[in-house]
Amino acid sequence: MHKITWNEETLNAMLTEPSVGLIEDAAKIKGDIMILGAGGKMGGDISILAARAVRASGGGRKVYAVSRFTNKAVIDRLTAEGVEIIAADLTEDGTLDSLPDCENIIFMAGRKFGTDGSEYLTWGMNSWLPCMTAKRFAGSKIVVFSSGNIYPKVHTGGGGATEETKVVPVGEYPMSCLARERAFEFAAKTRGTGVCIMRLNYAIDLRYGVLHDIAQSVLNGNPINLAAMPSFNCIWQKDANEAAIRLLLHTSPDVNIVNVTGPETAGVRVVAEKLAALLGKEAIFTGEEAETAYLNNAGKMFAMFGYPSVSLEQLIGWQAEWLLSGGRSLGAPTHFEERNGKY
C-alpha cells in the first residue's frame with residue numbers, strides 16, 4: 001500500500017475530493033446550496049466538497065458559505081474553490097433576512113462547549129436560531145446537523161440506537177439539540193418544509209476527534225477512564241460531509257431522520273492499545289468498562305449510500321501516522337467520555 005506523506009495540503013485534499021456517488025447526486029440537486037454555520041471544524045470542508053461536486057456534475061449552481069469568518073486564510077481557501085462567502089453573524093437582527101433565497105440549506109450552526117455556566121448562549125444558538133432559520137427558509141430543503149447523544153446510552157453489545165429509538169437527552173446541550181430538531185420539525189409539519197435530520201456521532205479529521213483524543217492521552221501518559229465511556233462510533237469526516245450533501249435529496253415534510261456514523265462499535269481499550277503499539281507507547285487505563293455508552297446504528301445510511309469509504313482500522317493507522325509526522329492539532333477535545341451531558 002502506498003504510504004501517505006502527511007501534511008495539511010494532503011489531508012485537506014483527501015477530505016474534499018468528491019466521490020462518484022456524491023457527484024452523481026450533486027447532478028440531481030436542483031438549485032443553489034447554502035451552508036449556514038460554515039466556519040466550524042467541518043464547515044469549510046463541506047463547502048469545498050459541495051462546490052467541487054457541483055462543478056464536476058456540470059456546474060451552473062452556486063455554493064454559499066455563511067459564517068462570521070474571522071480567519072482570512074479560511075476565506076481565501078474557500079474563495080479559491082469558487083465558494084461564495086457571506087461573512088455575517090447569524091444571530092444578529094436582519095442577517096437571515098439579508099441572505100439570498102436558496103433552495104437547499106445545510107444547517108450546521110450550533111454551540112456545545114462552554115454550555116455549563118452559559119446555558120443561555122447554547123439554547124440561543126441551538127433553539128432560537130433554528131426557529132428563525134426555519135421561518136426564513138420555510139420553502140427550502142433543509143439538512144439539519146444534530147447529535148447522536150440525544151439518544152439514551154445503550155448496551156455496548158446491542159448494536160446501537162436506531163432512528164426509532166426514543167430520544168432521552170441528558171443535560172442542557174443534548175436537550176438544546178432536541179430543541180433544534182423540534183424547531184425544524186415544526187416547520188416541516190406546519191409549513192411543508194422538506195427536512196432531514198442528520199444525527200452524527202464523531203467525525204474524524206486527524207487534527208481532532210475521538211481517535212485524536214485517545215492518541216493524545218497515550219502520548220502524554222494520561223490514564224484513560226474506561227468506566228466513563230467504554231465504546232464509541234466514528235466516521236471519516238469526508239464520508240460524514242458527503243452524507244450531509246447527499247441527504248438534500250432525502251428531505252421530507254414528514255422529517256427524515258438518519259444516523260450518520262461508522263459501522264464499527266469501537267472499544268476504547270482496544271483502540272488505545274492499537275494506537276499505543278503504533279506510537280511506540282504504553283496505554284494506561286483506569287476503571288472497568290461500563291456496560292452502556294452512546295452508540296448509534298447507521299444501517300439506514302449504509303442502505304442509502306453504502307458503507308463509509310474508510311474503515312476504523314485505516315483511521316487508527318492514519319491517526320498514528322499524522323501525529324508521528326508532527327501533524328497539527330486543533331486543540332479541540334471532543335469530550336466523548338462525558339456521560340452526564342455537561343460540556
# chains A, B, ... in the order shown; residues from 1 in each chain; ligands from 1
call {"tool": "residues_around", "arguments": {"residues": "Val20 (chain A)", "least_positions_apart": "2", "cutoff": "12 Å", "atoms": "only C-alpha atoms", "output": "MDAnalysis selection string"}}
result
chainID A and resid 17:18 22:27 52:54 56:57 242 246 305 309
call {"tool": "write_last_selection", "arguments": {"atoms": "N, CA and C atoms", "output": "CSV table (one decimal), in the first residue's frame"}}
result
chain,number,residue,atom,x,y,z
A,17,GLU,N,-12.2,15.7,-1.8
A,17,GLU,CA,-12.3,15.1,-3.1
A,17,GLU,C,-13.6,14.3,-3.2
A,18,PRO,N,-14.6,14.8,-4.0
A,18,PRO,CA,-15.9,14.2,-4.0
A,18,PRO,C,-15.8,12.8,-4.7
A,22,LEU,N,-21.3,11.0,-4.8
A,22,LEU,CA,-21.6,12.4,-4.5
A,22,LEU,C,-21.8,13.2,-5.8
A,23,ILE,N,-20.9,13.0,-6.7
A,23,ILE,CA,-21.0,13.8,-8.0
A,23,ILE,C,-22.3,13.4,-8.7
A,24,GLU,N,-22.7,12.2,-8.7
A,24,GLU,CA,-23.9,11.8,-9.3
A,24,GLU,C,-25.1,12.4,-8.6
A,25,ASP,N,-25.1,12.4,-7.3
A,25,ASP,CA,-26.2,13.0,-6.6
A,25,ASP,C,-26.2,14.5,-6.7
A,26,ALA,N,-25.1,15.1,-6.8
A,26,ALA,CA,-25.0,16.6,-7.0
A,26,ALA,C,-25.7,17.0,-8.2
A,27,ALA,N,-25.6,16.2,-9.3
A,27,ALA,CA,-26.3,16.5,-10.5
A,27,ALA,C,-27.8,16.5,-10.4
A,52,ARG,N,-17.0,21.4,-5.3
A,52,ARG,CA,-16.3,20.5,-6.3
A,52,ARG,C,-17.3,19.5,-6.9
A,53,ALA,N,-18.2,19.0,-6.1
A,53,ALA,CA,-19.2,18.1,-6.6
A,53,ALA,C,-20.1,18.7,-7.6
A,54,VAL,N,-20.5,20.0,-7.3
A,54,VAL,CA,-21.4,20.7,-8.2
A,54,VAL,C,-20.7,21.0,-9.5
A,56,ALA,N,-18.1,19.3,-10.8
A,56,ALA,CA,-17.9,18.0,-11.5
A,56,ALA,C,-19.2,17.5,-12.1
A,57,SER,N,-20.3,17.9,-11.6
A,57,SER,CA,-21.6,17.3,-12.1
A,57,SER,C,-22.2,18.2,-13.2
A,242,GLU,N,-20.1,14.1,3.0
A,242,GLU,CA,-20.8,13.7,1.7
A,242,GLU,C,-22.2,13.3,2.0
A,246,ARG,N,-25.6,14.7,0.2
A,246,ARG,CA,-26.5,13.8,-0.5
A,246,ARG,C,-27.9,13.7,0.2
A,305,PHE,N,-26.4,4.9,1.0
A,305,PHE,CA,-25.2,5.3,0.4
A,305,PHE,C,-24.1,4.3,0.3
A,309,SER,N,-16.2,5.1,3.2
A,309,SER,CA,-15.0,4.7,2.3
A,309,SER,C,-13.8,4.4,3.1
call {"tool": "residues_around", "arguments": {"residues": "Glu273 (chain A)", "least_positions_apart": "4", "cutoff": "7 Å", "atoms": "only C-alpha atoms", "output": "list in words"}}
result
Arg269, Ala277 and Ala283 of chain A
call {"tool": "write_last_selection", "arguments": {"atoms": "all heavy atoms", "output": "mmCIF file, in the first residue's frame"}}
result
data_model
loop_
_atom_site.group_PDB
_atom_site.id
_atom_site.type_symbol
_atom_site.label_atom_id
_atom_site.label_comp_id
_atom_site.auth_asym_id
_atom_site.auth_seq_id
_atom_site.Cartn_x
_atom_site.Cartn_y
_atom_site.Cartn_z
ATOM 1 N N ARG A 269 -10.573 0.522 24.955
ATOM 2 C CA ARG A 269 -9.360 -0.207 25.328
ATOM 3 C C ARG A 269 -8.623 -0.736 24.097
ATOM 4 O O ARG A 269 -7.408 -0.565 23.951
ATOM 5 C CB ARG A 269 -9.699 -1.367 26.270
ATOM 6 C CG ARG A 269 -8.461 -2.147 26.742
ATOM 7 C CD ARG A 269 -8.840 -3.438 27.441
ATOM 8 N NE ARG A 269 -9.575 -3.226 28.675
ATOM 9 C CZ ARG A 269 -9.007 -3.027 29.860
ATOM 10 N NH1 ARG A 269 -7.676 -3.004 29.965
ATOM 11 N NH2 ARG A 269 -9.752 -2.874 30.929
ATOM 12 N N ALA A 277 0.580 0.805 20.291
ATOM 13 C CA ALA A 277 1.563 -0.009 19.566
ATOM 14 C C ALA A 277 2.145 0.754 18.388
ATOM 15 O O ALA A 277 3.351 0.693 18.122
ATOM 16 C CB ALA A 277 0.891 -1.301 19.090
ATOM 17 N N ALA A 283 -0.394 2.227 26.713
ATOM 18 C CA ALA A 283 -1.673 2.793 27.119
ATOM 19 C C ALA A 283 -1.918 2.489 28.596
ATOM 20 O O ALA A 283 -1.710 1.366 29.049
ATOM 21 C CB ALA A 283 -2.799 2.226 26.276
#
call {"tool": "closest_residue", "arguments": {"among": "A:Ala290, A:Val260, A:Val74, A:Ala109", "to": "Cys196 (chain A)", "atoms": "only C-alpha atoms"}}
result
A:Val260
call {"tool": "residues_around", "arguments": {"residues": "region 81-92 of chain A", "least_positions_apart": "6", "cutoff": "6 Å", "atoms": "only C-alpha atoms", "output": "list in words"}}
result
Val63, Tyr64, Ala65, Val66, Ser67, Arg68 and Phe69 of chain A
call {"tool": "write_last_selection", "arguments": {"atoms": "all heavy atoms", "output": "mmCIF file, in the first residue's frame"}}
result
data_model
loop_
_atom_site.group_PDB
_atom_site.id
_atom_site.type_symbol
_atom_site.label_atom_id
_atom_site.label_comp_id
_atom_site.auth_asym_id
_atom_site.auth_seq_id
_atom_site.Cartn_x
_atom_site.Cartn_y
_atom_site.Cartn_z
ATOM 1 N N VAL A 63 -22.627 27.713 -4.530
ATOM 2 C CA VAL A 63 -22.494 27.208 -3.163
ATOM 3 C C VAL A 63 -22.112 28.392 -2.288
ATOM 4 O O VAL A 63 -21.072 29.017 -2.492
ATOM 5 C CB VAL A 63 -21.435 26.089 -3.059
ATOM 6 C CG1 VAL A 63 -21.222 25.692 -1.602
ATOM 7 C CG2 VAL A 63 -21.856 24.878 -3.892
ATOM 8 N N TYR A 64 -22.979 28.706 -1.331
ATOM 9 C CA TYR A 64 -22.730 29.797 -0.392
ATOM 10 C C TYR A 64 -22.248 29.223 0.937
ATOM 11 O O TYR A 64 -22.745 28.180 1.395
ATOM 12 C CB TYR A 64 -24.010 30.589 -0.126
ATOM 13 C CG TYR A 64 -24.622 31.277 -1.306
ATOM 14 C CD1 TYR A 64 -25.672 30.693 -2.015
ATOM 15 C CD2 TYR A 64 -24.192 32.540 -1.696
ATOM 16 C CE1 TYR A 64 -26.266 31.339 -3.089
ATOM 17 C CE2 TYR A 64 -24.779 33.196 -2.775
ATOM 18 C CZ TYR A 64 -25.808 32.587 -3.464
ATOM 19 O OH TYR A 64 -26.396 33.234 -4.536
ATOM 20 N N ALA A 65 -21.322 29.922 1.573
ATOM 21 C CA ALA A 65 -20.880 29.571 2.919
ATOM 22 C C ALA A 65 -21.098 30.782 3.814
ATOM 23 O O ALA A 65 -20.571 31.864 3.533
ATOM 24 C CB ALA A 65 -19.411 29.168 2.930
ATOM 25 N N VAL A 66 -21.888 30.600 4.873
ATOM 26 C CA VAL A 66 -22.247 31.716 5.747
ATOM 27 C C VAL A 66 -21.690 31.481 7.140
ATOM 28 O O VAL A 66 -21.932 30.436 7.760
ATOM 29 C CB VAL A 66 -23.782 31.897 5.830
ATOM 30 C CG1 VAL A 66 -24.124 33.138 6.646
ATOM 31 C CG2 VAL A 66 -24.396 31.966 4.443
ATOM 32 N N SER A 67 -20.914 32.436 7.619
ATOM 33 C CA SER A 67 -20.339 32.381 8.966
ATOM 34 C C SER A 67 -19.753 33.756 9.264
ATOM 35 O O SER A 67 -19.673 34.616 8.385
ATOM 36 C CB SER A 67 -19.260 31.298 9.057
ATOM 37 O OG SER A 67 -18.670 31.273 10.345
ATOM 38 N N ARG A 68 -19.286 33.943 10.496
ATOM 39 C CA ARG A 68 -18.600 35.203 10.799
ATOM 40 C C ARG A 68 -17.238 35.266 10.104
ATOM 41 O O ARG A 68 -16.758 36.333 9.780
ATOM 42 C CB ARG A 68 -18.432 35.351 12.312
ATOM 43 C CG ARG A 68 -19.738 35.713 13.017
ATOM 44 C CD ARG A 68 -19.585 35.700 14.510
ATOM 45 N NE ARG A 68 -19.368 34.340 15.002
ATOM 46 C CZ ARG A 68 -19.200 34.041 16.283
ATOM 47 N NH1 ARG A 68 -19.204 34.986 17.188
ATOM 48 N NH2 ARG A 68 -19.024 32.787 16.652
ATOM 49 N N PHE A 69 -16.596 34.134 9.869
ATOM 50 C CA PHE A 69 -15.332 34.049 9.133
ATOM 51 C C PHE A 69 -14.292 35.061 9.619
ATOM 52 O O PHE A 69 -13.959 36.023 8.925
ATOM 53 C CB PHE A 69 -15.565 34.221 7.625
ATOM 54 C CG PHE A 69 -16.221 33.040 6.972
ATOM 55 C CD1 PHE A 69 -17.448 33.173 6.345
ATOM 56 C CD2 PHE A 69 -15.619 31.795 6.982
ATOM 57 C CE1 PHE A 69 -18.063 32.090 5.735
ATOM 58 C CE2 PHE A 69 -16.226 30.699 6.383
ATOM 59 C CZ PHE A 69 -17.446 30.851 5.763
#
call {"tool": "closest_residue", "arguments": {"among": "A:Pro174, A:Gly44, A:Gly139, A:Gly37", "to": "Cys102 (chain A)", "atoms": "only C-alpha atoms"}}
result
A:Gly139
call {"tool": "residues_around", "arguments": {"residues": "region 292-304 of chain A", "least_positions_apart": "3", "cutoff": "6 Å", "atoms": "only C-alpha atoms", "output": "list of chain:residue names"}}
result
A:Lys153, A:Val154, A:His155, A:Thr156, A:Gly160, A:Ala161, A:Thr162, A:Met229, A:Phe232, A:Asn259, A:Val260, A:Thr261, A:Tyr307
call {"tool": "write_last_selection", "arguments": {"atoms": "N, CA and C atoms", "output": "CSV table (one decimal), in the first residue's frame"}}
result
chain,number,residue,atom,x,y,z
A,153,LYS,N,-28.1,6.2,26.5
A,153,LYS,CA,-26.9,5.3,26.5
A,153,LYS,C,-27.5,3.9,26.3
A,154,VAL,N,-26.9,3.1,25.5
A,154,VAL,CA,-27.4,1.7,25.2
A,154,VAL,C,-26.3,0.7,25.5
A,155,HIS,N,-26.7,-0.6,25.6
A,155,HIS,CA,-25.7,-1.6,25.9
A,155,HIS,C,-24.7,-1.7,24.8
A,156,THR,N,-23.4,-1.9,25.2
A,156,THR,CA,-22.4,-1.9,24.2
A,156,THR,C,-22.4,-3.0,23.3
A,160,GLY,N,-26.3,-0.5,18.9
A,160,GLY,CA,-26.5,0.9,18.8
A,160,GLY,C,-28.0,1.4,18.7
A,161,ALA,N,-28.2,2.6,19.0
A,161,ALA,CA,-29.6,3.2,18.9
A,161,ALA,C,-29.9,3.4,17.4
A,162,THR,N,-31.1,3.1,17.0
A,162,THR,CA,-31.6,3.3,15.7
A,162,THR,C,-32.4,4.6,15.7
A,229,MET,N,-16.6,6.1,29.3
A,229,MET,CA,-17.2,5.7,28.0
A,229,MET,C,-16.4,4.6,27.4
A,232,PHE,N,-17.4,3.7,21.4
A,232,PHE,CA,-17.8,4.8,20.6
A,232,PHE,C,-18.0,4.4,19.2
A,259,ASN,N,-29.2,8.4,11.1
A,259,ASN,CA,-27.9,8.4,11.9
A,259,ASN,C,-26.8,8.3,10.9
A,260,VAL,N,-25.7,9.1,11.2
A,260,VAL,CA,-24.5,9.1,10.4
A,260,VAL,C,-23.3,8.8,11.3
A,261,THR,N,-22.7,7.6,11.0
A,261,THR,CA,-21.5,7.2,11.8
A,261,THR,C,-21.0,6.0,11.1
A,307,TYR,N,-21.4,1.6,2.6
A,307,TYR,CA,-20.5,1.8,3.7
A,307,TYR,C,-19.6,2.9,3.5
